[in-house]
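Quick look at data11.txt (compact mmCIF, C-alpha atoms):
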```txt
# COMPACT_ATOMS: atom_id res chain seq x y z
CA MET A 385 139.07 101.21 133.44
CA PHE A 386 139.97 104.58 131.96
CA GLU A 387 143.37 103.35 130.88
CA VAL A 388 141.92 100.30 129.18
CA LEU A 389 139.60 102.47 127.09
CA PHE A 390 141.94 105.32 126.21
CA SER A 391 145.24 103.51 125.90
CA GLY A 392 147.52 104.05 122.96
CA VAL A 393 147.99 106.78 120.39
CA ASN A 394 145.24 105.29 118.29
CA PHE A 395 142.32 106.48 120.38
CA TYR A 396 141.33 109.41 118.12
CA TYR A 397 141.74 107.25 115.04
CA THR A 398 139.46 104.69 116.66
CA LEU A 399 136.69 107.20 117.32
CA ILE A 400 137.02 108.98 113.96
CA GLY A 401 137.05 105.57 112.28
CA GLY A 402 133.73 104.80 113.95
CA PHE A 403 132.22 108.10 112.76
CA LEU A 404 133.38 107.43 109.20
CA ILE A 405 131.74 103.99 109.22
CA GLY A 406 128.52 105.68 110.39
CA LEU A 407 128.86 108.35 107.71
CA SER A 408 129.32 105.72 105.01
CA ALA A 409 126.23 103.79 106.16
CA THR A 410 124.27 107.07 106.16
CA MET A 411 125.32 107.90 102.59
CA LEU A 412 124.43 104.50 101.22
CA LEU A 413 121.00 104.55 102.84
CA LEU A 414 120.18 108.20 102.08
CA PHE A 415 121.17 108.09 98.39
CA ASN A 416 120.77 104.47 97.33
CA GLY A 417 118.31 103.18 99.94
CA ARG A 418 120.69 100.33 100.77
CA ILE A 419 121.85 98.93 104.09
CA ALA A 420 125.65 98.97 104.45
CA GLY A 421 125.93 95.36 105.55
CA VAL A 422 129.21 94.09 104.18
CA CYS A 423 128.38 90.38 104.14
CA GLY A 424 125.00 91.03 102.49
CA ILE A 425 126.68 93.17 99.83
CA ALA A 426 129.49 90.67 99.27
CA PHE A 427 127.49 87.43 99.32
CA GLY A 428 124.96 88.94 96.89
CA LEU A 429 127.71 88.76 94.26
CA PHE A 430 127.49 84.98 94.23
CA ASN A 431 123.72 84.80 94.20
CA GLN A 432 122.30 84.32 90.71
CA SER A 433 118.93 85.77 91.67
CA VAL A 434 120.60 89.09 92.54
CA GLY A 435 120.68 91.27 89.45
CA ASP A 436 122.56 94.44 90.31
CA LYS A 437 126.12 93.38 90.95
CA LEU A 438 128.20 96.35 89.78
CA TRP A 439 127.55 98.57 92.80
CA ARG A 440 128.52 95.65 95.06
CA TRP A 441 131.87 95.30 93.33
CA LEU A 442 132.40 99.06 93.57
CA PHE A 443 131.58 99.17 97.28
CA LEU A 444 133.94 96.26 98.06
CA SER A 445 136.72 97.77 95.92
CA GLY A 446 136.15 100.97 97.90
CA LEU A 447 136.74 99.08 101.15
CA VAL A 448 140.14 97.93 99.93
CA GLY A 449 140.97 101.31 98.35
CA GLY A 450 139.96 103.13 101.53
CA ALA A 451 142.31 101.04 103.64
CA ILE A 452 145.16 101.69 101.18
CA LEU A 453 144.42 105.45 101.25
CA LEU A 454 144.30 105.64 105.03
CA HIS A 455 147.69 104.02 105.50
CA LEU A 456 149.19 106.22 102.76
CA LEU A 457 147.87 109.43 104.30
CA ALA A 458 147.85 108.77 108.05
CA ASP A 459 150.72 107.98 110.33
CA LEU A 460 149.51 104.44 110.93
CA PRO A 461 151.56 101.36 109.99
CA ASP A 462 149.87 98.36 108.34
CA PRO A 463 148.77 95.91 111.05
CA SER A 464 150.93 92.82 111.32
CA PRO A 465 149.52 89.68 109.68
CA SER A 466 147.29 87.38 111.69
CA ASN A 467 149.37 84.87 113.64
CA ALA A 468 146.63 82.23 113.46
CA SER A 469 147.68 78.76 112.32
CA LEU A 470 146.46 77.41 108.99
CA PRO A 471 143.62 75.26 110.43
CA ILE A 472 142.46 78.19 112.59
CA LEU A 473 142.50 80.61 109.62
CA ILE A 474 140.50 78.19 107.48
CA SER A 475 137.95 77.26 110.14
CA GLY A 476 137.61 80.89 111.30
CA GLY A 477 136.91 82.09 107.77
CA PHE A 478 134.45 79.29 107.11
CA LEU A 479 132.53 79.89 110.36
CA VAL A 480 132.33 83.67 109.73
CA GLY A 481 130.99 83.13 106.20
CA PHE A 482 128.60 80.34 107.22
CA GLY A 483 127.35 82.12 110.34
CA THR A 484 126.76 85.52 108.75
CA GLN A 485 124.93 83.95 105.79
CA VAL A 486 122.67 81.84 108.04
CA GLY A 487 122.23 84.73 110.50
CA SER A 488 121.53 87.32 107.74
CA GLY A 489 124.20 89.80 108.74
CA CYS A 490 127.41 90.74 110.47
CA THR A 491 128.92 93.56 112.52
CA SER A 492 128.00 96.26 110.01
CA GLY A 493 124.56 95.05 108.92
CA HIS A 494 123.23 94.01 112.33
CA GLY A 495 125.64 95.80 114.70
CA VAL A 496 125.53 99.27 113.14
CA CYS A 497 122.65 99.57 110.66
CA GLY A 498 120.21 97.16 112.31
CA ILE A 499 120.56 98.56 115.81
CA SER A 500 120.09 102.06 114.37
CA ARG A 501 116.75 100.94 112.91
CA PHE A 502 115.86 99.50 116.34
CA SER A 503 115.49 96.07 114.74
CA ASN A 504 114.88 93.37 117.38
CA ARG A 505 116.58 90.79 115.18
CA SER A 506 119.74 92.89 114.93
CA ILE A 507 119.89 93.65 118.64
CA ILE A 508 119.63 89.92 119.47
CA SER A 509 122.16 89.02 116.78
CA THR A 510 124.70 91.60 118.01
CA LEU A 511 124.37 90.51 121.63
CA LEU A 512 124.83 86.88 120.58
CA PHE A 513 127.86 87.30 118.34
CA ILE A 514 129.69 89.51 120.85
CA THR A 515 128.86 87.12 123.71
CA PHE A 516 129.99 84.10 121.70
CA GLY A 517 133.13 85.96 120.58
CA VAL A 518 134.02 86.69 124.20
CA LEU A 519 133.25 83.12 125.33
CA SER A 520 135.29 81.73 122.43
CA MET A 521 138.29 83.82 123.47
CA LEU A 522 137.96 82.39 126.97
CA LEU A 523 137.72 78.85 125.62
CA PHE A 524 140.29 78.91 122.80
CA ARG A 525 142.86 81.27 124.37
CA HIS A 526 142.69 80.73 128.09
CA LEU A 527 141.40 77.17 128.47
CA MET A 528 142.77 75.48 125.33
CA GLY A 529 145.63 77.84 124.44
CA ILE A 530 145.22 77.44 120.67
CA ILE A 531 144.87 81.13 119.67
CA MET B 286 125.33 108.23 90.08
CA LYS B 287 124.27 105.34 92.33
CA ASN B 288 127.49 103.61 91.39
CA LEU B 289 129.48 106.69 92.34
CA ILE B 290 127.79 106.71 95.75
CA ALA B 291 128.61 102.99 96.12
CA ILE B 292 132.32 103.55 95.53
CA ILE B 293 132.52 106.68 97.71
CA SER B 294 130.71 105.03 100.60
CA GLY B 295 132.94 101.97 100.17
CA LEU B 296 136.02 104.20 100.35
CA VAL B 297 134.78 106.05 103.44
CA PHE B 298 133.90 102.72 105.08
CA GLY B 299 137.34 101.30 104.26
CA ILE B 300 139.12 104.41 105.62
CA GLY B 301 137.02 104.11 108.79
CA LEU B 302 137.79 100.41 109.25
CA ALA B 303 141.53 100.88 108.76
CA ALA B 304 141.66 104.01 110.96
CA SER B 305 139.69 102.44 113.77
CA GLY B 306 141.90 99.37 114.14
CA MET B 307 139.22 96.89 113.06
CA THR B 308 141.60 95.55 110.39
CA ASP B 309 144.14 94.65 113.08
CA THR B 310 143.33 91.11 114.21
CA THR B 311 145.43 91.48 117.37
CA ARG B 312 143.34 94.44 118.55
CA VAL B 313 140.02 92.78 117.69
CA GLN B 314 141.00 89.65 119.59
CA GLY B 315 142.15 91.90 122.45
CA PHE B 316 138.71 93.53 122.43
CA LEU B 317 136.98 90.16 122.78
CA ASP B 318 139.45 89.02 125.45
CA ILE B 319 137.71 90.53 128.47
CA PHE B 320 138.89 87.63 130.64
CA GLY B 321 142.51 88.36 129.72
CA ASP B 322 144.42 91.49 128.70
CA TRP B 323 141.34 93.44 127.56
CA ASP B 324 141.70 96.22 124.97
CA GLY B 325 138.41 98.12 125.28
CA SER B 326 139.30 100.86 122.81
CA LEU B 327 137.35 99.27 119.97
CA LEU B 328 134.13 100.06 121.85
CA PHE B 329 134.59 103.52 120.37
CA VAL B 330 134.30 102.16 116.84
CA LEU B 331 130.82 100.81 117.47
CA GLY B 332 130.13 103.85 119.67
CA GLY B 333 131.23 106.35 117.01
CA ALA B 334 129.36 104.54 114.25
CA LEU B 335 126.16 104.18 116.31
CA ALA B 336 126.31 107.78 117.55
CA THR B 337 126.16 108.77 113.88
CA THR B 338 123.64 106.31 112.51
CA LEU B 339 121.23 106.32 115.47
CA LEU B 340 120.76 110.02 114.70
CA THR B 341 120.92 110.03 110.90
CA PHE B 342 118.80 106.90 110.31
CA ARG B 343 116.09 108.28 112.53
CA ILE B 344 115.88 111.40 110.40
CA LEU B 345 116.38 109.93 106.97
CA LEU B 346 114.04 106.95 107.36
CA LYS B 347 111.20 109.45 107.76
CA ARG B 348 111.62 110.16 104.06
CA LYS B 349 109.32 108.32 101.66
CA ALA B 350 112.21 107.33 99.44
CA PRO B 351 115.99 107.64 99.16
CA LEU B 352 117.41 110.40 96.93
CA LEU B 353 118.49 108.18 94.02
CA ALA B 354 116.25 105.10 94.25
CA GLU B 355 112.53 104.41 94.28
CA ARG B 356 112.41 102.97 97.77
CA PHE B 357 114.43 101.91 100.78
CA LEU B 358 115.50 98.26 100.56
CA LEU B 359 115.26 97.19 104.19
CA PRO B 360 115.09 93.69 105.67
CA ILE B 361 111.44 92.66 106.04
CA LYS B 362 111.77 89.83 108.55
CA THR B 363 110.98 90.76 112.14
CA THR B 364 110.72 87.38 113.87
CA ILE B 365 113.62 86.15 115.95
CA ASP B 366 114.14 82.66 114.58
CA LYS B 367 116.64 79.83 114.95
CA PRO B 368 118.78 80.67 111.89
CA LEU B 369 119.28 84.23 113.16
CA MET B 370 120.45 83.06 116.58
CA ILE B 371 122.50 80.04 115.50
CA GLY B 372 124.12 82.04 112.70
CA ALA B 373 125.13 84.83 115.09
CA MET B 374 126.64 82.31 117.53
CA ILE B 375 128.65 80.58 114.79
CA PHE B 376 129.80 83.96 113.48
CA GLY B 377 130.96 84.96 116.99
CA VAL B 378 133.11 81.84 117.28
CA GLY B 379 134.76 82.44 113.89
CA TRP B 380 135.26 86.12 114.69
CA ALA B 381 137.19 85.27 117.85
CA LEU B 382 139.29 82.54 116.18
CA VAL B 383 141.00 84.92 113.75
CA GLY B 384 139.87 88.46 114.66
CA TYR B 385 138.21 89.34 111.35
CA CYS B 386 134.56 90.06 110.70
CA PRO B 387 133.55 90.38 107.01
CA GLY B 388 134.07 94.15 106.47
CA PRO B 389 137.56 94.37 107.96
CA ALA B 390 138.53 91.11 106.23
CA PHE B 391 137.81 92.67 102.82
CA ALA B 392 139.46 95.98 103.74
CA ALA B 393 142.55 94.17 105.04
CA LEU B 394 143.10 92.67 101.56
CA ALA B 395 144.84 96.04 101.06
CA TYR B 396 147.82 94.79 103.09
CA LEU B 397 148.53 91.96 100.62
CA GLN B 398 148.94 89.33 103.33
CA TRP B 399 148.20 85.72 102.33
CA GLN B 400 146.50 85.10 105.68
CA THR B 401 143.77 87.62 104.81
CA LEU B 402 143.33 86.21 101.31
CA LEU B 403 142.90 82.69 102.69
CA PHE B 404 140.43 83.95 105.31
CA VAL B 405 138.32 85.78 102.71
CA ALA B 406 138.33 82.75 100.39
CA THR B 407 137.16 80.37 103.12
CA MET B 408 134.62 82.97 104.30
CA LEU B 409 133.06 83.08 100.83
CA ALA B 410 133.11 79.28 100.75
CA GLY B 411 131.33 79.19 104.11
CA ALA B 412 128.63 81.54 102.86
CA PHE B 413 128.25 79.48 99.67
CA VAL B 414 127.83 76.22 101.61
CA ALA B 415 125.32 77.89 103.94
CA ARG B 416 123.18 79.02 101.02
CA LYS B 417 123.27 75.63 99.27
CA TRP B 418 122.28 74.04 102.57
CA SER B 419 119.38 76.42 103.22
CA ASP B 420 118.20 76.17 99.58
CA ARG B 421 118.01 72.40 99.93
CA LYS B 422 116.13 72.69 103.18
CA ALA B 423 113.68 75.09 101.53
CA LEU B 424 113.01 72.56 98.75
CA ASN B 425 112.35 69.63 101.08
```

Is it possible to express this structure as structure tokens?
Amino acid sequence: MFEVLFSGVNFYYTLIGGFLIGLSATMLLLFNGRIAGVCGIAFGLFNQSVGDKLWRWLFLSGLVGGAILLHLLADLPDPSPSNASLPILISGGFLVGFGTQVGSGCTSGHGVCGISRFSNRSIISTLLFITFGVLSMLLFRHLMGII
Amino acid sequence: MKNLIAIISGLVFGIGLAASGMTDTTRVQGFLDIFGDWDGSLLFVLGGALATTLLTFRILLKRKAPLLAERFLLPIKTTIDKPLMIGAMIFGVGWALVGYCPGPAFAALAYLQWQTLLFVATMLAGAFVARKWSDRKALN
């Protein structure tokens, strides 16, 4: 059990990464009064009834810039590309976009910010998407062998 | 000033995602693979983030307003309805298929890999279709 949790040189990066995500969500809420839910921020860009789009672009550019910075400064190689096949990439992307839009949030919005507000909706959502993620791995990897 | 906060918090979020391993689809799939060769280390991402926000949100949501805006913009819905549950289930399936959730997918655009670009494009398409579909349902 211990080995599974602490394996690899990346353990400290993993924990510090988590703290930084929490710090970012804290900043956005404390200063701007906004929830750091990435799909909500991103999908708002394509919603005509949403007026303030600039900060959304800036936040998303920051996500990309932050990843570039980290790999420049830290001794961490870029992860290798996903080895998913074309149909899996396309259906995976579609389901993530569709599901998070219908379900009003993703890992950051429900999993981090929502749980921290003790939102019932977010707790249920997080339990469901993790459970279905785990069951899907069982189905697609171990029973069907397609991922 | 609000825009400056947006870009700084985006940067910090992106550094956190890349540092934690969330942008590595192999590790995320390994985290979900508890029936196989489980990589539990990503529990510390959610753990580290929640350890921070459970504390800070509790304190800062006692304020009447945020520092730079008139009010906190929080979700108002509290009922657990079908869209919430079905959406989360569909999201979980897609998450497992490739190993990206929305935040890491955007951050991983930094690596200039066509797989990520295709994933993000189809993710936006999925969200677009979902909104058209729910708009139509709302009209009927």

The residue from A:Asn394, A:Gly498, A:Asn431, A:Gly450 with the smallest atom-to-atom distance to chain B, counting only C-alpha atoms, is A:Gly450

Nearest to chain A, restricted to all atoms listed in the file and choosing among B:Pro360, B:Gly333, B:Pro389, B:Gly315, comes out as B:Gly333

Need to verify the contact set: segment 403-407 of chain A, 8 Å, all atoms listed in the file, exclusion of same-chain residues closer than 4 positions in sequence. Can you return it as JSON, numbers by chain? {"A": [399, 411, 496], "B": [297, 298, 299, 300, 301, 302, 330, 333, 334, 335, 336, 337, 338]}

Atom pair atom CA of Gly483 of chain A + atom CA of Arg525 of chain A, distance 20.9 Å

(message) I'd like the contact shell of Gly321 of chain B - 12 Å cut-off, only C-alpha atoms, skipping same-chain residues fewer than 6 positions apart - returned as a PyMOL selection string.
(response) (chain A and resi 388+518-519+521-527) or (chain B and resi 314-315)

Students should find that atom CA of Ile344 of chain B and atom CA of Ala304 of chain B are spaced 26.8 Å
